[in-house]
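Content type compact mmCIF, C-alpha atoms, from the file upload28.txt:
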```txt
# COMPACT_ATOMS: atom_id res chain seq x y z
CA MET A 1483 0.00 0.00 0.00
CA LYS A 1484 1.15 3.51 -0.77
CA LEU A 1485 0.94 5.95 2.14
CA ALA A 1486 1.40 9.70 2.31
CA PHE A 1487 2.74 11.21 5.53
CA LEU A 1488 3.01 14.77 6.74
CA ILE A 1489 6.29 14.82 8.63
CA GLY A 1490 8.18 17.33 10.70
CA TYR A 1491 11.89 17.42 11.50
CA ASP A 1492 14.48 19.51 13.27
CA GLY A 1493 17.03 20.12 10.54
CA ARG A 1494 19.88 21.25 12.80
CA ASN A 1495 21.42 17.78 13.05
CA PHE A 1496 20.84 16.70 9.45
CA ALA A 1497 22.96 17.14 6.33
CA GLY A 1498 19.69 17.81 4.48
CA SER A 1499 16.50 15.92 3.68
CA GLN A 1500 17.75 14.00 0.64
CA PHE A 1501 19.76 10.78 1.05
CA GLN A 1502 23.56 11.20 1.02
CA PRO A 1503 26.00 8.34 1.57
CA ASP A 1504 27.75 8.42 4.97
CA LYS A 1505 25.75 11.46 6.14
CA ARG A 1506 22.77 11.75 8.45
CA THR A 1507 19.71 12.79 6.44
CA VAL A 1508 15.95 12.78 6.97
CA GLU A 1509 15.41 10.27 4.16
CA GLY A 1510 18.17 8.00 5.42
CA GLU A 1511 16.84 7.94 9.00
CA PHE A 1512 13.25 7.39 7.87
CA ILE A 1513 14.16 4.49 5.60
CA GLU A 1514 16.43 2.84 8.19
CA THR A 1515 13.66 3.09 10.81
CA GLY A 1516 11.25 1.38 8.41
CA ILE A 1517 13.75 -1.40 7.74
CA SER A 1518 14.22 -1.99 11.48
CA MET A 1519 10.40 -2.21 11.85
CA LYS A 1520 10.20 -4.51 8.78
CA LEU A 1521 7.91 -2.06 6.99
CA TRP A 1522 10.09 -2.55 3.91
CA ASP A 1523 13.19 -4.59 3.15
CA SER A 1524 15.34 -1.98 1.40
CA PRO A 1525 15.46 1.69 0.31
CA LYS A 1526 14.29 0.63 -3.14
CA ALA A 1527 11.28 -1.22 -1.72
CA ALA A 1528 10.29 1.81 0.38
CA GLU A 1529 9.94 4.02 -2.74
CA PHE A 1530 10.52 7.09 -0.55
CA ARG A 1531 9.50 10.32 -2.30
CA THR A 1532 9.29 13.87 -0.96
CA ALA A 1533 7.55 17.09 -2.02
CA GLY A 1534 10.87 18.91 -2.07
CA ARG A 1535 14.36 18.73 -0.67
CA THR A 1536 15.62 20.92 2.14
CA ASP A 1537 19.26 21.82 2.73
CA LYS A 1538 21.50 21.25 5.73
CA GLY A 1539 20.13 23.07 8.76
CA VAL A 1540 16.64 23.65 7.34
CA SER A 1541 13.71 22.34 9.41
CA ALA A 1542 10.17 21.34 8.46
CA ARG A 1543 6.81 21.65 10.21
CA LYS A 1544 4.69 19.87 7.59
CA GLN A 1545 6.67 18.23 4.78
CA LEU A 1546 5.01 15.69 2.47
CA ILE A 1547 6.46 12.25 1.74
CA THR A 1548 5.17 8.99 0.27
CA VAL A 1549 6.32 5.41 0.95
CA ARG A 1550 5.10 1.94 0.10
CA THR A 1551 4.61 -0.87 2.67
CA ASP A 1552 2.67 -4.11 3.07
CA LYS A 1553 2.23 -3.32 6.77
CA PRO A 1554 0.32 -0.02 6.69
CA ASP A 1555 -1.38 -0.48 10.09
CA LEU A 1556 1.97 -0.96 11.81
CA ALA A 1557 3.34 2.15 10.09
CA LYS A 1558 0.36 4.27 11.17
CA GLU A 1559 0.38 3.10 14.77
CA ALA A 1560 4.04 2.64 15.61
CA LEU A 1561 6.28 4.64 13.27
CA ASN A 1562 6.37 7.69 15.54
CA PHE A 1563 7.63 5.57 18.44
CA HIS A 1564 10.59 4.22 16.46
CA LEU A 1565 11.74 7.33 14.61
CA PRO A 1566 14.49 9.43 16.24
CA ASP A 1567 13.22 12.35 18.32
CA ASP A 1568 14.11 14.93 15.65
CA ILE A 1569 11.74 13.37 13.05
CA TRP A 1570 8.02 12.78 13.58
CA CYS A 1571 4.86 12.06 11.58
CA VAL A 1572 2.01 14.58 11.93
CA GLY A 1573 -0.59 12.60 9.97
CA PHE A 1574 -1.17 9.98 7.27
CA ALA A 1575 -3.38 9.33 4.24
CA GLU A 1576 -3.79 6.32 1.97
CA VAL A 1577 -3.12 7.26 -1.68
CA ASP A 1578 -3.25 5.58 -5.07
CA ASP A 1579 -0.31 4.96 -7.36
CA ALA A 1580 -1.00 8.12 -9.36
CA PHE A 1581 -0.39 10.36 -6.35
CA SER A 1582 3.03 12.04 -6.40
CA ALA A 1583 4.53 13.80 -3.39
CA ARG A 1584 6.30 16.18 -5.74
CA TYR A 1585 3.77 16.81 -8.50
CA SER A 1586 0.48 16.52 -6.58
CA ALA A 1587 1.45 19.38 -4.26
CA THR A 1588 -0.30 22.59 -5.35
CA GLN A 1589 1.22 25.00 -2.81
CA ARG A 1590 4.30 25.04 -0.60
CA THR A 1591 4.75 27.57 2.20
CA TYR A 1592 8.03 28.57 3.81
CA ARG A 1593 8.73 30.86 6.74
CA TYR A 1594 12.00 32.59 7.48
CA TYR A 1595 12.66 33.76 11.06
CA PHE A 1596 15.00 36.70 11.62
CA PRO A 1597 17.00 36.83 14.88
CA TYR A 1598 15.91 40.36 15.86
CA PRO A 1599 12.87 42.60 15.20
CA LEU A 1600 13.15 44.63 12.00
CA ASP A 1601 11.11 47.28 10.17
CA SER A 1602 8.35 44.84 9.21
CA SER A 1603 6.25 47.52 7.47
CA LYS A 1604 8.97 48.33 4.93
CA MET A 1605 9.83 44.66 4.58
CA ASN A 1606 6.20 43.75 3.89
CA GLU A 1607 6.03 46.42 1.18
CA ALA A 1608 9.17 44.94 -0.36
CA ALA A 1609 7.93 41.33 0.00
CA LYS A 1610 4.82 42.14 -2.04
CA LEU A 1611 7.09 42.71 -5.07
CA PHE A 1612 7.81 38.97 -5.13
CA GLU A 1613 4.16 38.11 -5.82
CA GLY A 1614 3.31 37.07 -9.37
CA THR A 1615 5.41 35.45 -12.10
CA HIS A 1616 9.07 36.48 -12.29
CA ASP A 1617 12.59 35.36 -13.16
CA PHE A 1618 14.04 34.48 -9.74
CA SER A 1619 17.54 33.51 -10.91
CA GLY A 1620 19.00 36.50 -9.05
CA PHE A 1621 17.80 35.07 -5.74
CA SER A 1622 18.66 31.40 -6.35
CA LYS A 1623 21.43 28.90 -6.89
CA MET A 1624 20.60 27.93 -10.45
CA GLU A 1625 20.99 24.37 -11.66
CA LYS A 1626 21.89 23.82 -15.31
CA GLY A 1627 18.82 23.65 -17.54
CA ARG A 1628 16.42 24.72 -14.75
CA ASP A 1629 13.66 27.18 -15.65
CA PRO A 1630 14.18 30.33 -13.50
CA ILE A 1631 10.53 31.42 -13.85
CA ARG A 1632 8.33 30.84 -10.81
CA THR A 1633 4.93 32.14 -9.70
CA VAL A 1634 4.62 33.36 -6.11
CA ILE A 1635 1.07 33.08 -4.75
CA SER A 1636 1.57 35.20 -1.64
CA SER A 1637 4.44 36.94 0.14
CA ARG A 1638 4.34 38.87 3.40
CA VAL A 1639 6.34 39.96 6.43
CA PHE A 1640 4.82 40.21 9.89
CA ASP A 1641 5.80 40.56 13.54
CA SER A 1642 5.56 37.64 15.96
CA PRO A 1643 6.28 37.49 19.72
CA SER A 1644 9.77 36.21 18.89
CA GLY A 1645 10.64 38.67 16.14
CA THR A 1646 10.10 39.35 12.45
CA VAL A 1647 8.88 36.60 10.09
CA PHE A 1648 8.88 36.32 6.29
CA GLU A 1649 6.24 33.95 4.84
CA ILE A 1650 5.98 32.99 1.18
CA SER A 1651 3.83 30.52 -0.78
CA ALA A 1652 4.23 29.13 -4.31
CA LYS A 1653 3.66 25.89 -6.16
CA SER A 1654 7.42 25.39 -6.44
CA PHE A 1655 10.69 27.13 -5.59
CA LEU A 1656 14.23 27.24 -6.92
CA TRP A 1657 17.24 26.12 -4.89
CA ASN A 1658 18.01 28.69 -2.14
CA MET A 1659 15.30 30.99 -3.53
CA VAL A 1660 13.61 31.73 -0.19
CA ARG A 1661 16.93 32.29 1.57
CA GLY A 1662 17.97 34.71 -1.16
CA MET A 1663 14.72 36.63 -0.72
CA ALA A 1664 15.20 36.65 3.06
CA GLY A 1665 18.71 38.01 2.59
CA ILE A 1666 17.61 41.10 0.70
CA LEU A 1667 14.54 41.60 2.92
CA GLN A 1668 16.70 41.80 6.03
CA CYS A 1669 18.69 44.55 4.30
CA VAL A 1670 15.42 46.41 3.73
CA GLY A 1671 14.46 45.87 7.36
CA LEU A 1672 17.83 47.23 8.55
CA GLY A 1673 17.52 50.30 6.31
CA LEU A 1674 20.48 49.25 4.13
CA CYS A 1675 18.51 49.27 0.87
CA GLY A 1676 15.02 49.94 -0.45
CA CYS A 1677 12.34 48.18 -2.45
CA GLU A 1678 13.90 49.36 -5.70
CA GLU A 1679 16.75 46.86 -5.31
CA ILE A 1680 14.26 43.98 -5.36
CA ALA A 1681 12.50 45.46 -8.38
CA LYS A 1682 15.85 45.70 -10.20
CA GLN A 1683 16.74 42.09 -9.43
CA LEU A 1684 13.39 40.86 -10.69
CA ALA A 1685 13.51 42.95 -13.86
CA ASN A 1686 17.12 42.24 -14.77
CA PRO A 1687 19.02 39.85 -12.47
CA GLU A 1688 22.71 40.74 -12.79
CA TYR A 1689 24.08 38.81 -9.81
CA ARG A 1690 22.98 36.38 -7.12
CA ILE A 1691 21.78 37.71 -3.77
CA HIS A 1692 23.68 36.16 -0.86
CA PRO A 1693 21.35 33.66 0.90
CA ALA A 1694 20.39 34.17 4.54
CA PRO A 1695 21.53 31.40 6.95
CA ALA A 1696 19.75 28.05 6.55
CA GLU A 1697 18.93 27.77 10.27
CA GLY A 1698 16.26 30.49 10.01
CA LEU A 1699 14.29 28.67 7.30
CA LEU A 1700 11.28 26.44 7.98
CA PHE A 1701 9.26 24.38 5.49
CA TYR A 1702 6.01 25.49 7.09
CA ASP A 1703 3.10 23.87 5.24
CA ILE A 1704 1.93 22.16 2.06
CA SER A 1705 -1.35 21.76 0.16
CA CYS A 1706 -1.96 18.59 -1.84
CA GLY A 1707 -5.72 17.92 -1.72
CA LEU A 1708 -5.53 15.19 0.94
CA GLU A 1709 -7.17 14.87 4.34
CA PHE A 1710 -4.62 13.55 6.81
CA LYS A 1711 -5.56 11.56 9.87
CA PRO A 1712 -3.54 12.62 12.94
CA MET A 1713 -0.97 10.23 14.39
CA ARG A 1714 0.00 9.63 18.00
CA GLN A 1715 3.29 11.27 18.90
CA LYS A 1716 5.88 10.70 21.59
CA ASP A 1717 5.55 13.20 24.42
CA GLU A 1718 9.34 13.33 24.57
CA VAL A 1719 9.47 15.15 21.22
CA LYS A 1720 7.56 18.14 22.60
CA ARG A 1721 9.44 18.04 25.89
CA ASN A 1722 12.74 18.17 23.98
CA PHE A 1723 11.63 21.20 21.99
CA SER A 1724 10.47 22.93 25.16
CA ARG A 1725 13.89 22.35 26.72
CA SER A 1726 15.62 23.45 23.53
CA ALA A 1727 13.59 26.67 23.34
CA SER A 1728 14.38 27.53 26.95
CA ALA A 1729 18.07 26.76 26.50
CA ALA A 1730 18.26 28.83 23.31
CA ARG A 1731 16.68 31.85 25.00
CA LEU A 1732 19.09 31.60 27.92
CA GLU A 1733 22.05 31.26 25.55
CA THR A 1734 20.90 34.40 23.71
CA PHE A 1735 20.59 36.42 26.92
CA VAL A 1736 23.99 35.29 28.22
CA SER A 1737 25.72 35.88 24.85
CA GLU A 1738 24.31 39.39 24.60
CA ALA A 1739 25.32 40.16 28.19
CA LEU A 1740 28.87 38.97 27.51
CA LEU A 1741 28.98 41.04 24.33
CA GLU A 1742 28.41 44.22 26.37
CA ASP A 1743 27.34 45.98 23.22
CA ASP A 1744 24.43 46.18 20.79
CA ALA A 1745 24.08 42.77 19.11
CA VAL A 1746 21.94 44.25 16.33
CA LYS A 1747 24.76 46.66 15.46
CA PHE A 1748 27.13 43.75 14.81
CA TRP A 1749 24.46 41.90 12.85
CA LYS A 1750 23.92 45.00 10.71
CA GLU A 1751 27.66 45.34 10.10
CA ASP A 1752 27.79 41.69 9.02
CA CYS A 1753 24.90 42.29 6.59
CA GLU A 1754 26.69 45.36 5.21
CA ARG A 1755 29.68 43.18 4.34
CA LYS A 1756 27.65 40.35 2.83
CA TYR A 1757 25.34 42.57 0.80
CA SER A 1758 27.72 45.32 -0.26
CA THR A 1759 26.70 44.92 -3.91
CA ILE A 1760 23.13 46.13 -3.23
CA ILE A 1761 23.89 48.82 -0.63
CA LYS A 1762 24.18 52.27 -2.10
```

For this file, write the structure as structure tokens.
Amino acid sequence: MKLAFLIGYDGRNFAGSQFQPDKRTVEGEFIETGISMKLWDSPKAAEFRTAGRTDKGVSARKQLITVRTDKPDLAKEALNFHLPDDIWCVGFAEVDDAFSARYSATQRTYRYYFPYPLDSSKMNEAAKLFEGTHDFSGFSKMEKGRDPIRTVISSRVFDSPSGTVFEISAKSFLWNMVRGMAGILQCVGLGLCGCEEIAKQLANPEYRIHPAPAEGLLFYDISCGLEFKPMRQKDEVKRNFSRSASAARLETFVSEALLEDDAVKFWKEDCERKYSTIIK
């Protein structure tokens, strides 16, 4: 039987989502867990497919995958209790052979989280320029023969209790495209450049925008026309994230106290160096 799963993962300890020999990846861990549970005999038998790859350090809240197993009930009931704590299944759906994790997805949504509050109003004005159909090669790491044209469904920047967030939705994205967008948006938010720099890059991309760090990027959601049934999850997963969040906040406070200076000033200076080509 072919099953679709919505999965989440903490990308900080993975070399990416896609299988790589001798490296820890989401696909590799998922397949090995299934082999240990006898859900499938080999990677080939699992027929693991994903809606899109994520790079080293990138996390996911609701990523879409498909696998094939002759023990679907065992997978639904027990998979979450055998996966490592930094991968979990949110829900499942039974699908037919025609369903494709990659091509059946109609909308993918990413969020990028900035480390400090920025001018979200100016950034939101700039983010709106991404909406519609454009050549995004200036914001992406282009692969040979890849079409640089993509259609962005929605793009916005908003404030959250933890800081400033960039959210963008499209049917598909280019490699590093969202991180490239986030890179120039943070320059807008810091007052280093204006909306016109984004308009120039979309109209006539002359160079590639430096991508923002991978750790701020989250594969947030996906639409694929399925209704997923929720799966039981280990309580330890949420407890670990609660501990991690607390530890990260404490580390931030201590680091800033030891700095004895304005952390945002140093961040801005770092951005000025990385994005010198767009700063006038």

**Message:** Give me, as a PyMOL selection string, all polymer residues having an atom no more than 8 Å from region 1604-1611 of chain A, counting all atoms listed in the file and skipping those fewer than 4 positions away in the same chain.
**Reply:** chain A and resi 1636-1640+1667-1668+1670-1671+1676-1677+1680-1681

**Message:** Give me the residues near Trp1570 (chain A) as a PyMOL selection string, where near means some atom within 7 Å (using only C-alpha atoms) and where sequence neighbours in that chain fewer than 4 positions away do not count.
**Reply:** chain A and resi 1489-1491+1562+1565

**Item:** Contacts of Lys1553 (chain A) at 9 Å (only C-alpha atoms; same-chain gap of 4+ positions) as a PyMOL selection string
**Value:** chain A and resi 1483+1520-1522+1557-1558

**Request:** Compile the contact shell of Cys1571 (chain A) as a ChimeraX atom specification: residues with an atom at most 12 Å away, counting only C-alpha atoms, same-chain residues fewer than 5 positions apart removed.
**Result:** /A:1485-1491,1512,1542-1548,1557-1566,1710-1716,1719

Go ahead and dump the residues you just picked, C-alpha atoms, as a tab-separated table (two decimals), keeping the file's coordinate frame.
```tsv
chain	number	residue	atom	x	y	z
A	1485	LEU	CA	0.94	5.95	2.14
A	1486	ALA	CA	1.40	9.70	2.31
A	1487	PHE	CA	2.74	11.21	5.53
A	1488	LEU	CA	3.01	14.77	6.74
A	1489	ILE	CA	6.29	14.82	8.63
A	1490	GLY	CA	8.18	17.33	10.70
A	1491	TYR	CA	11.89	17.42	11.50
A	1512	PHE	CA	13.25	7.39	7.87
A	1542	ALA	CA	10.17	21.34	8.46
A	1543	ARG	CA	6.81	21.65	10.21
A	1544	LYS	CA	4.69	19.87	7.59
A	1545	GLN	CA	6.67	18.23	4.78
A	1546	LEU	CA	5.01	15.69	2.47
A	1547	ILE	CA	6.46	12.25	1.74
A	1548	THR	CA	5.17	8.99	0.27
A	1557	ALA	CA	3.34	2.15	10.09
A	1558	LYS	CA	0.36	4.27	11.17
A	1559	GLU	CA	0.38	3.10	14.77
A	1560	ALA	CA	4.04	2.64	15.61
A	1561	LEU	CA	6.28	4.64	13.27
A	1562	ASN	CA	6.37	7.69	15.54
A	1563	PHE	CA	7.63	5.57	18.44
A	1564	HIS	CA	10.59	4.22	16.46
A	1565	LEU	CA	11.74	7.33	14.61
A	1566	PRO	CA	14.49	9.43	16.24
A	1710	PHE	CA	-4.62	13.55	6.81
A	1711	LYS	CA	-5.56	11.56	9.87
A	1712	PRO	CA	-3.54	12.62	12.94
A	1713	MET	CA	-0.97	10.23	14.39
A	1714	ARG	CA	0.00	9.63	18.00
A	1715	GLN	CA	3.29	11.27	18.90
A	1716	LYS	CA	5.88	10.70	21.59
A	1719	VAL	CA	9.47	15.15	21.22
```

**Message:** Just want the 12 Å neighbourhood of Glu1709 (chain A), counted on only C-alpha atoms, with same-chain residues fewer than 4 positions away dropped. Output as a list of chain:residue names.
**Reply:**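 Those residues are A:Ala1486, A:Phe1487, A:Leu1488, A:Val1572, A:Gly1573, A:Phe1574, A:Ala1575, A:Glu1576, A:Val1577, A:Ile1704, A:Ser1705.
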
**Interatomic distance (Å, one decimal) between CA of Leu1699 (chain A) and CA of Thr1591 (chain A)** = 10.9 Å

**Request:** Quote the spacing between CA of Ser1541 (chain A) and CA of Phe1701 (chain A) in Å to one decimal place.
**Result:**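 One can read the CA of Ser1541 (chain A) to CA of Phe1701 (chain A) distance as 6.3 Å.
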
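You will find CA of Ala1745 (chain A) at 15.1 Å from CA of Leu1732 (chain A).
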
**Best match for closeness to Thr1615 (chain A) among A:Phe1530, A:Phe1655, A:Phe1748, A:Phe1581, counting all atoms listed in the file** =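 That would be A:Phe1655, the residue with the smallest distance to Thr1615 (chain A).
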
**Request:** Would you mind telling me which residue in A:Phe1723, A:Tyr1594, A:Phe1735, A:Phe1612 lies nearest to Gly1665 (chain A) when using all atoms listed in the file?
**Result:** A:Tyr1594

**Asked** For Ala1587 (chain A), which of A:Asp1744, A:Asp1523, A:Asp1601, A:Asp1703 is the closest residue, counting only C-alpha atoms?
**Response** A:Asp1703

**Complete:** From the list A:Ser1518, A:Ser1724, A:Ser1622, A:Thr1759, the nearest residue to Leu1674 (chain A) using all atoms listed in the file is A:Thr1759

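Here the question is which of A:Lys1505, A:Lys1526, A:Arg1661, A:Lys1626 gets nearest to Ala1696 (chain A) using only C-alpha atoms, and that residue is A:Arg1661.
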
**Which of A:Leu1600, A:Leu1684, A:Val1540, A:Val1660 sits closest to Ile1631 (chain A) [using only C-alpha atoms]** = A:Leu1684

Adding 5 Å on each side of the box along x, y and z that holds all listed atoms of region 1493-1512 of chain A, could you give its centre and edge lengths in Å to one decimal, as JSON?
```
{"center_x": 20.5, "center_y": 14.3, "center_z": 6.8, "size_x": 24.5, "size_y": 23.9, "size_z": 22.4}
```

Could I see region 1536-1547 of chain A restored to all heavy atoms, set down as a compact mmCIF listing (two decimals), in the frame of the given file?
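In the end it all went to rebuild09.txt:
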```txt
# COMPACT_ATOMS: atom_id res chain seq x y z
N THR A 1536 15.18 19.79 1.32
CA THR A 1536 15.62 20.92 2.14
C THR A 1536 17.10 20.73 2.43
O THR A 1536 17.59 19.62 2.56
CB THR A 1536 14.84 21.01 3.47
OG1 THR A 1536 14.88 19.74 4.15
CG2 THR A 1536 13.39 21.38 3.22
N ASP A 1537 17.81 21.86 2.55
CA ASP A 1537 19.26 21.82 2.73
C ASP A 1537 19.65 21.58 4.18
O ASP A 1537 18.81 21.57 5.09
CB ASP A 1537 19.88 23.15 2.27
CG ASP A 1537 19.77 23.34 0.76
OD1 ASP A 1537 19.69 22.34 0.05
OD2 ASP A 1537 19.80 24.51 0.32
N LYS A 1538 20.93 21.42 4.39
CA LYS A 1538 21.50 21.25 5.73
C LYS A 1538 21.05 22.39 6.63
O LYS A 1538 21.15 23.57 6.27
CB LYS A 1538 23.02 21.22 5.64
CG LYS A 1538 23.73 21.07 6.98
CD LYS A 1538 25.23 21.07 6.80
CE LYS A 1538 25.94 20.96 8.15
NZ LYS A 1538 27.41 20.97 7.99
N GLY A 1539 20.53 22.05 7.80
CA GLY A 1539 20.13 23.07 8.76
C GLY A 1539 18.70 23.55 8.64
O GLY A 1539 18.19 24.23 9.54
N VAL A 1540 18.02 23.20 7.54
CA VAL A 1540 16.64 23.65 7.34
C VAL A 1540 15.67 22.66 7.98
O VAL A 1540 15.80 21.45 7.81
CB VAL A 1540 16.33 23.79 5.83
CG1 VAL A 1540 14.87 24.21 5.62
CG2 VAL A 1540 17.27 24.80 5.18
N SER A 1541 14.69 23.18 8.71
CA SER A 1541 13.71 22.34 9.41
C SER A 1541 12.38 22.33 8.67
O SER A 1541 12.16 23.13 7.75
CB SER A 1541 13.51 22.85 10.84
OG SER A 1541 14.71 22.80 11.57
N ALA A 1542 11.49 21.44 9.08
CA ALA A 1542 10.17 21.34 8.46
C ALA A 1542 9.10 21.14 9.53
O ALA A 1542 9.30 20.39 10.48
CB ALA A 1542 10.13 20.18 7.46
N ARG A 1543 7.98 21.82 9.34
CA ARG A 1543 6.81 21.65 10.21
C ARG A 1543 5.84 20.66 9.60
O ARG A 1543 5.32 19.78 10.28
CB ARG A 1543 6.14 23.00 10.42
CG ARG A 1543 4.81 22.97 11.16
CD ARG A 1543 4.29 24.39 11.32
NE ARG A 1543 2.91 24.43 11.79
CZ ARG A 1543 1.84 24.48 11.00
NH1 ARG A 1543 1.99 24.52 9.67
NH2 ARG A 1543 0.62 24.51 11.51
N LYS A 1544 5.58 20.79 8.30
CA LYS A 1544 4.69 19.87 7.59
C LYS A 1544 5.24 19.65 6.18
O LYS A 1544 4.90 20.35 5.23
CB LYS A 1544 3.26 20.41 7.52
CG LYS A 1544 2.52 20.37 8.85
CD LYS A 1544 1.07 20.81 8.70
CE LYS A 1544 0.33 20.73 10.02
NZ LYS A 1544 -1.08 21.18 9.90
N GLN A 1545 6.11 18.66 6.06
CA GLN A 1545 6.67 18.23 4.78
C GLN A 1545 5.90 17.00 4.32
O GLN A 1545 5.44 16.20 5.15
CB GLN A 1545 8.16 17.92 4.96
CG GLN A 1545 8.84 17.18 3.84
CD GLN A 1545 9.05 18.02 2.59
OE1 GLN A 1545 8.09 18.26 1.86
NE2 GLN A 1545 10.28 18.47 2.36
N LEU A 1546 5.76 16.82 3.03
CA LEU A 1546 5.01 15.69 2.47
C LEU A 1546 5.94 14.63 1.91
O LEU A 1546 6.84 14.94 1.12
CB LEU A 1546 4.08 16.20 1.36
CG LEU A 1546 3.31 15.16 0.55
CD1 LEU A 1546 2.29 14.43 1.43
CD2 LEU A 1546 2.63 15.81 -0.64
N ILE A 1547 5.72 13.37 2.32
CA ILE A 1547 6.46 12.25 1.74
C ILE A 1547 5.49 11.13 1.40
O ILE A 1547 4.36 11.08 1.92
CB ILE A 1547 7.54 11.71 2.69
CG1 ILE A 1547 6.89 11.01 3.89
CG2 ILE A 1547 8.50 12.80 3.15
CD1 ILE A 1547 7.83 10.08 4.63
```
